[in-house]
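Shown next: protein.cif, given as mmCIF, C-alpha atoms.
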```cif
data_run
#
loop_
_atom_site.group_PDB
_atom_site.id
_atom_site.type_symbol
_atom_site.label_atom_id
_atom_site.label_comp_id
_atom_site.auth_asym_id
_atom_site.auth_seq_id
_atom_site.Cartn_x
_atom_site.Cartn_y
_atom_site.Cartn_z
ATOM 1 C CA MET F 1 73.234 143.362 59.188
ATOM 2 C CA ARG F 2 76.994 143.557 59.526
ATOM 3 C CA HIS F 3 76.675 146.791 61.498
ATOM 4 C CA GLY F 4 74.262 145.118 63.913
ATOM 5 C CA PHE F 5 76.603 142.168 64.390
ATOM 6 C CA ALA F 6 79.582 144.471 64.947
ATOM 7 C CA SER F 7 77.660 146.488 67.528
ATOM 8 C CA ALA F 8 76.621 143.328 69.345
ATOM 9 C CA LEU F 9 80.227 142.111 69.339
ATOM 10 C CA VAL F 10 81.504 145.390 70.768
ATOM 11 C CA MET F 11 78.842 145.259 73.471
ATOM 12 C CA ALA F 12 79.764 141.674 74.342
ATOM 13 C CA LEU F 13 83.455 142.508 74.545
ATOM 14 C CA GLY F 14 82.653 145.543 76.656
ATOM 15 C CA LEU F 15 80.617 143.477 79.092
ATOM 16 C CA CYS F 16 83.429 140.942 79.268
ATOM 17 C CA THR F 17 86.077 143.527 80.127
ATOM 18 C CA SER F 18 83.687 145.183 82.571
ATOM 19 C CA ALA F 19 83.223 141.858 84.320
ATOM 20 C CA MET F 20 86.994 141.607 84.586
ATOM 21 C CA ALA F 21 87.116 145.060 86.129
ATOM 22 C CA SER F 22 84.288 144.326 88.552
ATOM 23 C CA SER F 23 86.052 141.204 89.799
ATOM 24 C CA ALA F 24 89.417 142.940 89.966
ATOM 25 C CA ALA F 25 91.032 142.642 93.354
ATOM 26 C CA THR F 26 94.308 143.761 94.802
ATOM 27 C CA GLY F 27 97.145 142.454 92.660
ATOM 28 C CA MET F 28 95.925 143.228 89.125
ATOM 29 C CA PRO F 29 98.977 143.999 86.963
ATOM 30 C CA ALA F 30 99.270 147.590 85.798
ATOM 31 C CA ASP F 31 99.312 146.625 82.126
ATOM 32 C CA GLU F 32 95.976 144.810 82.476
ATOM 33 C CA ALA F 33 94.397 147.751 84.286
ATOM 34 C CA LEU F 34 95.677 150.103 81.592
ATOM 35 C CA ILE F 35 94.145 147.930 78.864
ATOM 36 C CA LEU F 36 90.774 148.144 80.616
ATOM 37 C CA LEU F 37 91.024 151.937 80.688
ATOM 38 C CA LYS F 38 92.084 152.170 77.045
ATOM 39 C CA ASP F 39 89.371 149.777 75.877
ATOM 40 C CA GLY F 40 86.771 151.681 77.877
ATOM 41 C CA ASN F 41 87.822 154.983 76.343
ATOM 42 C CA ALA F 42 87.687 153.450 72.866
ATOM 43 C CA ARG F 43 84.092 152.345 73.493
ATOM 44 C CA TYR F 44 83.143 155.773 74.834
ATOM 45 C CA MET F 45 84.762 157.599 71.926
ATOM 46 C CA SER F 46 82.972 155.409 69.367
ATOM 47 C CA GLY F 47 79.586 155.684 71.057
ATOM 48 C CA GLN F 48 79.620 152.023 72.129
ATOM 49 C CA SER F 49 79.726 152.481 75.922
ATOM 50 C CA THR F 50 78.367 149.543 77.916
ATOM 51 C CA HIS F 51 77.779 151.521 81.161
ATOM 52 C CA PRO F 52 78.888 148.623 83.383
ATOM 53 C CA ASN F 53 78.502 148.048 87.106
ATOM 54 C CA LEU F 54 75.613 150.420 87.733
ATOM 55 C CA THR F 55 73.141 147.905 89.165
ATOM 56 C CA ALA F 56 71.804 147.524 92.687
ATOM 57 C CA GLU F 57 73.702 144.239 92.885
ATOM 58 C CA ARG F 58 76.956 146.046 92.109
ATOM 59 C CA ARG F 59 76.305 148.633 94.806
ATOM 60 C CA ALA F 60 75.587 145.877 97.320
ATOM 61 C CA GLU F 61 78.724 144.003 96.253
ATOM 62 C CA THR F 62 80.973 147.002 96.892
ATOM 63 C CA VAL F 63 79.370 147.544 100.296
ATOM 64 C CA ARG F 64 79.868 143.917 101.344
ATOM 65 C CA GLY F 65 83.310 143.368 99.896
ATOM 66 C CA GLY F 66 84.705 146.886 99.827
ATOM 67 C CA GLN F 67 86.071 148.746 96.843
ATOM 68 C CA HIS F 68 88.797 147.377 94.585
ATOM 69 C CA PRO F 69 89.313 150.021 91.878
ATOM 70 C CA ILE F 70 91.655 149.321 88.990
ATOM 71 C CA ALA F 71 93.126 152.840 88.891
ATOM 72 C CA THR F 72 93.464 156.099 90.779
ATOM 73 C CA ILE F 73 92.773 159.027 88.451
ATOM 74 C CA ILE F 74 93.069 162.761 89.004
ATOM 75 C CA GLY F 75 91.246 164.932 86.514
ATOM 76 C CA CYS F 76 89.931 168.456 86.254
ATOM 77 C CA SER F 77 86.648 169.491 87.866
ATOM 78 C CA ASP F 78 85.376 170.539 84.421
ATOM 79 C CA SER F 79 81.867 169.124 83.932
ATOM 80 C CA ARG F 80 82.829 168.031 80.417
ATOM 81 C CA GLU F 81 85.392 165.557 81.770
ATOM 82 C CA PRO F 82 83.317 162.873 83.573
ATOM 83 C CA LEU F 83 85.997 160.338 84.380
ATOM 84 C CA GLU F 84 83.862 157.223 84.916
ATOM 85 C CA LEU F 85 82.073 157.840 81.613
ATOM 86 C CA ILE F 86 85.262 158.604 79.678
ATOM 87 C CA PHE F 87 86.636 155.172 80.574
ATOM 88 C CA ASP F 88 83.256 153.385 80.520
ATOM 89 C CA GLN F 89 83.589 152.256 84.123
ATOM 90 C CA GLY F 90 81.044 151.948 86.908
ATOM 91 C CA VAL F 91 80.620 151.855 90.659
ATOM 92 C CA GLY F 92 83.817 150.847 92.442
ATOM 93 C CA ASP F 93 85.931 150.639 89.275
ATOM 94 C CA ILE F 94 88.114 153.757 89.580
ATOM 95 C CA PHE F 95 89.172 155.937 92.506
ATOM 96 C CA VAL F 96 88.592 159.515 91.374
ATOM 97 C CA ILE F 97 90.099 162.821 92.500
ATOM 98 C CA ARG F 98 88.890 165.944 90.701
ATOM 99 C CA VAL F 99 90.177 169.475 91.159
ATOM 100 C CA ALA F 100 90.326 172.444 88.804
ATOM 101 C CA GLY F 101 93.548 172.287 86.822
ATOM 102 C CA ASN F 102 94.339 168.738 88.065
ATOM 103 C CA VAL F 103 96.932 170.134 90.477
ATOM 104 C CA ALA F 104 98.657 168.237 93.283
ATOM 105 C CA GLY F 105 98.294 170.164 96.531
ATOM 106 C CA PRO F 106 98.473 168.563 100.005
ATOM 107 C CA ASP F 107 94.846 167.382 99.984
ATOM 108 C CA GLU F 108 95.180 165.845 96.535
ATOM 109 C CA LEU F 109 98.459 164.148 97.475
ATOM 110 C CA ALA F 110 96.772 162.602 100.508
ATOM 111 C CA SER F 111 93.981 161.295 98.268
ATOM 112 C CA PHE F 112 96.498 159.828 95.803
ATOM 113 C CA GLU F 113 98.255 158.058 98.654
ATOM 114 C CA TYR F 114 94.961 156.606 99.860
ATOM 115 C CA GLY F 115 94.238 155.280 96.386
ATOM 116 C CA VAL F 116 97.617 153.697 95.717
ATOM 117 C CA GLY F 117 98.646 152.863 99.285
ATOM 118 C CA HIS F 118 95.384 151.738 100.893
ATOM 119 C CA LEU F 119 93.334 150.593 97.901
ATOM 120 C CA HIS F 120 96.456 149.353 96.072
ATOM 121 C CA THR F 121 95.489 150.558 92.612
ATOM 122 C CA PRO F 122 98.226 149.552 90.153
ATOM 123 C CA VAL F 123 97.768 152.650 87.953
ATOM 124 C CA LEU F 124 97.896 156.342 88.874
ATOM 125 C CA LEU F 125 96.775 158.550 85.985
ATOM 126 C CA VAL F 126 97.058 162.342 85.759
ATOM 127 C CA LEU F 127 94.529 163.476 83.165
ATOM 128 C CA GLY F 128 94.462 167.010 81.788
ATOM 129 C CA HIS F 129 92.043 168.128 79.087
ATOM 130 C CA THR F 130 91.895 170.468 76.127
ATOM 131 C CA SER F 131 90.532 174.007 76.605
ATOM 132 C CA CYS F 132 91.169 173.841 80.350
ATOM 133 C CA GLY F 133 89.870 177.030 81.984
ATOM 134 C CA ALA F 134 92.297 176.916 84.904
ATOM 135 C CA VAL F 135 95.324 176.591 82.626
ATOM 136 C CA THR F 136 93.888 179.303 80.360
ATOM 137 C CA ALA F 137 93.704 181.665 83.339
ATOM 138 C CA ALA F 138 97.354 180.930 84.132
ATOM 139 C CA VAL F 139 98.437 181.432 80.506
ATOM 140 C CA GLU F 140 96.583 184.743 80.221
ATOM 141 C CA ASN F 141 97.596 185.851 83.720
ATOM 142 C CA ALA F 142 93.921 186.581 84.275
ATOM 143 C CA LYS F 143 92.673 188.503 87.286
ATOM 144 C CA VAL F 144 90.920 186.009 89.527
ATOM 145 C CA HIS F 145 89.120 186.422 92.831
ATOM 146 C CA GLY F 146 88.706 184.717 96.180
ATOM 147 C CA ASN F 147 90.845 181.615 96.602
ATOM 148 C CA LEU F 148 91.448 181.171 92.879
ATOM 149 C CA PRO F 149 94.869 182.905 92.872
ATOM 150 C CA PHE F 150 96.239 180.129 95.092
ATOM 151 C CA LEU F 151 95.081 177.528 92.574
ATOM 152 C CA ILE F 152 96.254 179.394 89.470
ATOM 153 C CA ASN F 153 99.677 180.051 91.004
ATOM 154 C CA GLN F 154 100.209 176.292 91.190
ATOM 155 C CA ILE F 155 99.800 176.102 87.400
ATOM 156 C CA LYS F 156 101.982 179.078 86.435
ATOM 157 C CA PRO F 157 105.279 177.119 86.621
ATOM 158 C CA ALA F 158 103.887 174.830 83.907
ATOM 159 C CA VAL F 159 103.103 177.860 81.741
ATOM 160 C CA ALA F 160 106.634 179.177 82.225
ATOM 161 C CA ARG F 161 108.010 175.797 81.219
ATOM 162 C CA ALA F 162 105.835 175.678 78.092
ATOM 163 C CA LYS F 163 107.109 179.115 77.084
ATOM 164 C CA ALA F 164 110.688 177.994 77.653
ATOM 165 C CA TRP F 165 110.117 174.942 75.462
ATOM 166 C CA SER F 166 108.510 176.957 72.672
ATOM 167 C CA PRO F 167 109.394 180.670 72.899
ATOM 168 C CA ASN F 168 107.400 181.485 69.759
ATOM 169 C CA ALA F 169 104.226 179.682 70.825
ATOM 170 C CA SER F 170 101.101 181.745 71.431
ATOM 171 C CA GLY F 171 97.326 181.457 71.531
ATOM 172 C CA ALA F 172 95.871 177.954 71.249
ATOM 173 C CA ASP F 173 99.294 176.448 70.582
ATOM 174 C CA LEU F 174 100.719 177.823 73.828
ATOM 175 C CA LEU F 175 97.627 176.686 75.728
ATOM 176 C CA ASP F 176 97.974 173.119 74.433
ATOM 177 C CA LYS F 177 101.637 173.025 75.421
ATOM 178 C CA ALA F 178 100.859 174.457 78.864
ATOM 179 C CA ILE F 179 98.140 171.833 79.429
ATOM 180 C CA LYS F 180 100.641 169.082 78.681
ATOM 181 C CA ALA F 181 103.323 170.735 80.819
ATOM 182 C CA ASN F 182 100.828 170.969 83.670
ATOM 183 C CA VAL F 183 100.273 167.204 83.527
ATOM 184 C CA TRP F 184 104.036 166.670 83.767
ATOM 185 C CA LEU F 185 104.217 169.161 86.647
ATOM 186 C CA THR F 186 101.577 167.319 88.667
ATOM 187 C CA MET F 187 103.419 164.047 88.114
ATOM 188 C CA GLU F 188 106.664 165.678 89.249
ATOM 189 C CA ASN F 189 105.010 166.982 92.405
ATOM 190 C CA MET F 190 103.781 163.482 93.183
ATOM 191 C CA LEU F 191 107.277 162.042 92.910
ATOM 192 C CA ARG F 192 108.928 164.877 94.810
ATOM 193 C CA LYS F 193 106.422 165.300 97.623
ATOM 194 C CA SER F 194 105.085 161.793 98.275
ATOM 195 C CA ALA F 195 107.521 159.193 99.569
ATOM 196 C CA GLU F 196 104.793 156.543 99.315
ATOM 197 C CA ILE F 197 104.124 157.152 95.621
ATOM 198 C CA ARG F 198 107.842 157.373 94.929
ATOM 199 C CA GLU F 199 108.586 154.062 96.639
ATOM 200 C CA LEU F 200 105.736 152.234 94.899
ATOM 201 C CA VAL F 201 106.966 153.460 91.509
ATOM 202 C CA GLN F 202 110.547 152.446 92.333
ATOM 203 C CA GLN F 203 109.387 148.994 93.426
ATOM 204 C CA GLY F 204 107.468 148.501 90.185
ATOM 205 C CA LYS F 205 104.155 148.260 92.046
ATOM 206 C CA LEU F 206 102.690 151.436 90.563
ATOM 207 C CA LEU F 207 102.494 152.811 87.034
ATOM 208 C CA LEU F 208 102.389 156.621 87.085
ATOM 209 C CA ILE F 209 101.278 157.954 83.708
ATOM 210 C CA GLY F 210 99.826 161.083 82.145
ATOM 211 C CA GLY F 211 97.217 161.829 79.531
ATOM 212 C CA VAL F 212 95.191 164.611 77.925
ATOM 213 C CA TYR F 213 91.481 164.235 77.207
ATOM 214 C CA ASP F 214 90.113 165.854 74.042
ATOM 215 C CA LEU F 215 86.762 167.494 74.766
ATOM 216 C CA HIS F 216 85.735 167.331 71.096
ATOM 217 C CA SER F 217 86.605 163.759 70.144
ATOM 218 C CA GLY F 218 86.323 162.105 73.555
ATOM 219 C CA GLN F 219 89.718 160.502 73.028
ATOM 220 C CA VAL F 220 92.433 160.281 75.660
ATOM 221 C CA LYS F 221 95.908 160.971 74.315
ATOM 222 C CA TRP F 222 98.237 158.864 76.427
ATOM 223 C CA LEU F 223 101.487 160.605 77.364
ATOM 224 C CA GLY F 224 103.073 157.654 79.149
ATOM 225 C CA THR F 225 105.462 157.944 82.072
ATOM 226 C CA HIS F 226 107.278 161.183 82.828
ATOM 227 C CA PRO F 227 110.271 161.561 80.470
ATOM 228 C CA ASP F 228 112.504 162.439 83.434
ATOM 229 C CA GLN F 229 111.058 159.906 85.870
ATOM 230 C CA ALA F 230 114.364 158.148 86.587
ATOM 231 C CA SER F 231 116.228 161.358 87.440
ATOM 232 C CA LEU F 232 113.275 162.691 89.450
ATOM 233 C CA LEU F 233 113.182 159.517 91.518
ATOM 234 C CA ALA F 234 116.923 159.619 92.130
ATOM 235 C CA ALA F 235 116.942 163.293 93.126
ATOM 236 C CA ALA F 236 113.888 163.014 95.370
ATOM 237 C CA THR F 237 115.232 159.902 97.096
ATOM 238 C CA LYS F 238 118.591 161.572 97.722
ATOM 239 C CA ALA F 239 116.919 164.675 99.149
ATOM 240 C CA HIS F 240 114.703 162.527 101.378
ATOM 241 C CA VAL F 241 117.722 160.680 102.788
ATOM 242 C CA GLN F 242 119.585 163.924 103.466
ATOM 243 C CA MET F 243 116.597 165.334 105.343
ATOM 244 C CA LYS F 244 116.437 162.417 107.789
ATOM 245 C CA PRO F 245 117.534 163.553 111.283
ATOM 246 C CA LYS F 246 120.886 162.213 112.377
ATOM 247 C CA HIS F 247 121.222 160.367 115.683
ATOM 248 C CA VAL F 248 122.608 162.712 118.310
ATOM 249 C CA GLN F 249 124.321 161.388 121.424
ATOM 250 C CA PRO F 250 122.851 162.767 124.665
ATOM 251 C CA PRO F 251 125.097 165.314 126.426
ATOM 252 C CA VAL F 252 127.460 163.954 129.066
ATOM 253 C CA PRO F 253 126.676 165.386 132.534
ATOM 254 C CA ALA F 254 129.295 167.791 133.870
ATOM 255 C CA THR F 255 131.625 166.276 136.469
ATOM 256 C CA GLY F 256 131.938 167.512 140.035
ATOM 257 C CA LYS F 257 128.217 167.682 140.750
ATOM 258 C CA THR F 258 126.726 165.690 143.581
ATOM 259 C CA GLU F 259 123.800 163.368 143.018
ATOM 260 C CA ALA F 260 121.629 165.692 145.074
ATOM 261 C CA ALA F 261 122.606 168.615 142.899
ATOM 262 C CA ASP F 262 121.787 166.621 139.784
ATOM 263 C CA GLN F 263 118.422 165.681 141.204
ATOM 264 C CA GLY F 264 117.810 169.265 142.184
ATOM 265 C CA SER F 265 118.420 170.374 138.614
ATOM 266 C CA MET F 266 115.333 168.428 137.573
ATOM 267 C CA ILE F 267 113.135 170.625 139.761
ATOM 268 C CA ASP F 268 111.660 173.751 138.218
ATOM 269 C CA PRO F 269 113.281 176.809 139.779
ATOM 270 C CA ALA F 270 111.144 179.125 141.871
ATOM 271 C CA PRO F 271 109.871 182.171 140.006
ATOM 272 C CA ALA F 272 112.128 185.206 140.220
ATOM 273 C CA HIS F 273 109.264 187.329 141.484
ATOM 274 C CA PRO F 274 106.597 186.181 143.925
ATOM 275 C CA GLU F 275 103.838 187.651 141.771
ATOM 276 C CA GLN F 276 104.792 185.233 138.970
ATOM 277 C CA ALA F 277 103.932 182.207 141.082
ATOM 278 C CA ALA F 278 100.821 180.262 140.144
ATOM 279 C CA PRO F 279 97.860 181.035 142.408
ATOM 280 C CA SER F 280 97.188 178.454 145.083
ATOM 281 C CA ALA F 281 93.993 176.457 145.127
ATOM 282 C CA PRO F 282 91.193 178.104 147.100
ATOM 283 C CA ALA F 283 90.801 176.871 150.675
ATOM 284 C CA HIS F 284 87.677 174.905 151.530
ATOM 285 C CA GLN F 285 85.052 177.040 153.172
#
```
Please re-express this file's structure in structure tokens.
Amino acid sequence: MRHGFASALVMALGLCTSAMASSAATGMPADEALILLKDGNARYMSGQSTHPNLTAERRAETVRGGQHPIATIIGCSDSREPLELIFDQGVGDIFVIRVAGNVAGPDELASFEYGVGHLHTPVLLVLGHTSCGAVTAAVENAKVHGNLPFLINQIKPAVARAKAWSPNASGADLLDKAIKANVWLTMENMLRKSAEIRELVQQGKLLLIGGVYDLHSGQVKWLGTHPDQASLLAAATKAHVQMKPKHVQPPVPATGKTEAADQGSMIDPAPAHPEQAAPSAPAHQ
């Protein structure tokens, strides 16, 4: 009896928070959005998912009023990491980017910027997962084919960092550390390479956080903000300012030239050789 009541209570609370998410519009505070994600993951992990916002009415609502997701999330393409299910969210609730190894290349960065800049999601989550095949390939320096080397090479700096942190780590321990380091690396690339993300974080309008999803338990381990976020923001902002082109005064015309000569200088000179001249238009027959 108690179990039935508890299950009903969890379902009711889940529907309540889902209703909050479905009515979420631009301006939801990041801490509220994060609570919705954490509560949804708790329901999923405990087998109490409510599967919200999957009705025809919800689809029609998002067509009429547009999408107002509560978070932008990048996760791995791994079929065992279904992001909407992990957080017990439905249609229009989260803006999802998935790519093997949850890396941040140019296409992914553009998608992040759409989510946080156009859709105004208050949370940007980088979510790695245990037993990641892409990170495993980077750790083992596996021989890969086709376009995969380009992807794996983006992860290798995270592996090198994990080895530097823990020189004696190996096997599963090294893999776990590399997965976490890869989450940090993607967050760093966001801050370094996207002025829009950087400015939103600096203005307090965006919460950039990391996490690792456990394939066995279904639980998301929240890593929080990047431990070096402040220094990364400062360094990236300084580099961005230094790269801005300086205003250059136009050259002063040389003195002693007549106006006619100056005007003549604007005319393209005749070709040095007659054969270089453009062919004339054919005469009318």
One residue among F:Pro29, F:Gly90, F:Gly211, F:Gly47 is nearest to Thr62 of chain F when using only C-alpha atoms, and that residue is F:Gly90
Neighbourhood query: residues within 12 Å of (78.8, 160.2, 88.3), file coordinates, counting only C-alpha atoms; return as a ChimeraX atom specification.
-> /F:51,54,79-86,88-96,98
Neighbours of segment 129-146 of chain F within 8 Å (only C-alpha atoms; same-chain residues fewer than 2 positions away dropped), as a PDB file with C-alpha atoms, in the frame of the given file?
```pdb
ATOM      1  CA  CYS F  76      89.931 168.456  86.254  1.00  0.00           C
ATOM      2  CA  ASP F  78      85.376 170.539  84.421  1.00  0.00           C
ATOM      3  CA  GLU F  81      85.392 165.557  81.770  1.00  0.00           C
ATOM      4  CA  ALA F 100      90.326 172.444  88.804  1.00  0.00           C
ATOM      5  CA  GLY F 101      93.548 172.287  86.822  1.00  0.00           C
ATOM      6  CA  LEU F 127      94.529 163.476  83.165  1.00  0.00           C
ATOM      7  CA  LEU F 148      91.448 181.171  92.879  1.00  0.00           C
ATOM      8  CA  PRO F 149      94.869 182.905  92.872  1.00  0.00           C
ATOM      9  CA  ILE F 152      96.254 179.394  89.470  1.00  0.00           C
ATOM     10  CA  ASN F 153      99.677 180.051  91.004  1.00  0.00           C
ATOM     11  CA  ILE F 155      99.800 176.102  87.400  1.00  0.00           C
ATOM     12  CA  LYS F 156     101.982 179.078  86.435  1.00  0.00           C
ATOM     13  CA  VAL F 159     103.103 177.860  81.741  1.00  0.00           C
ATOM     14  CA  LEU F 174     100.719 177.823  73.828  1.00  0.00           C
ATOM     15  CA  LEU F 175      97.627 176.686  75.728  1.00  0.00           C
ATOM     16  CA  ASP F 176      97.974 173.119  74.433  1.00  0.00           C
ATOM     17  CA  ALA F 178     100.859 174.457  78.864  1.00  0.00           C
ATOM     18  CA  ILE F 179      98.140 171.833  79.429  1.00  0.00           C
ATOM     19  CA  ASN F 182     100.828 170.969  83.670  1.00  0.00           C
ATOM     20  CA  VAL F 212      95.191 164.611  77.925  1.00  0.00           C
ATOM     21  CA  TYR F 213      91.481 164.235  77.207  1.00  0.00           C
ATOM     22  CA  ASP F 214      90.113 165.854  74.042  1.00  0.00           C
ATOM     23  CA  LEU F 215      86.762 167.494  74.766  1.00  0.00           C
TER      24      LEU F 215
END
```
Polymer residues at most 12 Å from Leu191 of chain F, only C-alpha atoms, same-chain spacing of 2 or more positions, as JSON, numbers by chain = {"F": [104, 109, 112, 113, 124, 184, 185, 186, 187, 188, 189, 193, 194, 195, 196, 197, 198, 199, 200, 201, 202, 206, 207, 208, 209, 225, 226, 228, 229, 230, 231, 232, 233, 234, 235, 236, 237, 239, 240]}
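Candidate residues F:Val103, F:Ala181, F:Val126, F:Ala162 were compared for distance to Gly224 of chain F, and the nearest is F:Val126, using only C-alpha atoms.
A straight line drawn from atom CA of Gly27 of chain F to atom CA of Arg59 of chain F is 21.8 Å long.
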Rank nothing, just name the residue among F:Tyr114, F:Lys238, F:Phe87, F:Ile74 nearest to Ala42 of chain F, using all atoms listed in the file.
->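 Closest residue, counting all atoms listed in the file: F:Phe87.
Rounded to one decimal, atom CA of His216 of chain F and atom CA of Ala71 of chain F lie 24.1 Å from each other.
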So that all listed atoms of segment 29-46 of chain F fit with 8 Å spare on each side, what axis-aligned box centre and edge lengths in Å, to one decimal, would you give as lines of an AutoDock Vina configuration file?
```
center_x = 91.1
center_y = 150.8
center_z = 78.2
size_x = 32.3
size_y = 29.6
size_z = 33.6
```
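If you measure from each of F:Leu151, F:Ala160, F:Val123, F:Ala33 to Gly204 of chain F using all atoms listed in the file, the closest one turns out to be F:Val123.
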Go ahead and compute the interatomic distance for atom CA of Leu223 of chain F and atom CA of Tyr44 of chain F, in Å to one decimal.
-> 19.1 Å
Could you give me segment 183-200 of chain F completed to N, CA, C and O atoms, formatted as a compact mmCIF listing (two decimals), in the frame of the given file?
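The new file rebuild.txt reads:
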```txt
# COMPACT_ATOMS: atom_id res chain seq x y z
N VAL F 183 100.36 168.63 83.19
CA VAL F 183 100.27 167.20 83.53
C VAL F 183 101.62 166.72 84.04
O VAL F 183 101.71 166.04 85.08
N TRP F 184 102.69 167.07 83.32
CA TRP F 184 104.04 166.67 83.77
C TRP F 184 104.34 167.25 85.14
O TRP F 184 104.93 166.58 86.00
N LEU F 185 103.93 168.50 85.37
CA LEU F 185 104.22 169.16 86.65
C LEU F 185 103.53 168.44 87.81
O LEU F 185 104.14 168.24 88.87
N THR F 186 102.29 168.05 87.62
CA THR F 186 101.58 167.32 88.67
C THR F 186 102.26 165.99 88.96
O THR F 186 102.40 165.58 90.12
N MET F 187 102.71 165.31 87.92
CA MET F 187 103.42 164.05 88.11
C MET F 187 104.72 164.27 88.87
O MET F 187 105.10 163.49 89.75
N GLU F 188 105.42 165.35 88.54
CA GLU F 188 106.66 165.68 89.25
C GLU F 188 106.40 165.94 90.73
O GLU F 188 107.15 165.48 91.60
N ASN F 189 105.34 166.68 91.01
CA ASN F 189 105.01 166.98 92.40
C ASN F 189 104.68 165.71 93.18
O ASN F 189 105.01 165.60 94.37
N MET F 190 104.05 164.76 92.53
CA MET F 190 103.78 163.48 93.18
C MET F 190 105.08 162.79 93.58
O MET F 190 105.23 162.31 94.71
N LEU F 191 106.02 162.75 92.66
CA LEU F 191 107.28 162.04 92.91
C LEU F 191 108.15 162.78 93.92
O LEU F 191 108.85 162.16 94.71
N ARG F 192 108.09 164.09 93.91
CA ARG F 192 108.93 164.88 94.81
C ARG F 192 108.36 164.93 96.23
O ARG F 192 109.11 164.93 97.20
N LYS F 193 107.04 165.00 96.33
CA LYS F 193 106.42 165.30 97.62
C LYS F 193 105.79 164.10 98.32
O LYS F 193 105.35 164.23 99.47
N SER F 194 105.69 162.97 97.65
CA SER F 194 105.08 161.79 98.28
C SER F 194 106.07 160.63 98.27
O SER F 194 106.34 160.02 97.24
N ALA F 195 106.60 160.32 99.45
CA ALA F 195 107.52 159.19 99.57
C ALA F 195 106.82 157.88 99.23
O ALA F 195 107.42 156.97 98.65
N GLU F 196 105.53 157.78 99.57
CA GLU F 196 104.79 156.54 99.32
C GLU F 196 104.65 156.29 97.82
O GLU F 196 104.90 155.17 97.34
N ILE F 197 104.25 157.31 97.07
CA ILE F 197 104.12 157.15 95.62
C ILE F 197 105.48 156.84 95.01
O ILE F 197 105.62 155.96 94.16
N ARG F 198 106.49 157.56 95.46
CA ARG F 198 107.84 157.37 94.93
C ARG F 198 108.32 155.94 95.14
O ARG F 198 108.86 155.30 94.23
N GLU F 199 108.12 155.41 96.33
CA GLU F 199 108.59 154.06 96.64
C GLU F 199 107.83 153.01 95.84
O GLU F 199 108.42 152.03 95.37
N LEU F 200 106.52 153.20 95.67
CA LEU F 200 105.74 152.23 94.90
C LEU F 200 106.18 152.22 93.43
O LEU F 200 106.24 151.16 92.80
```
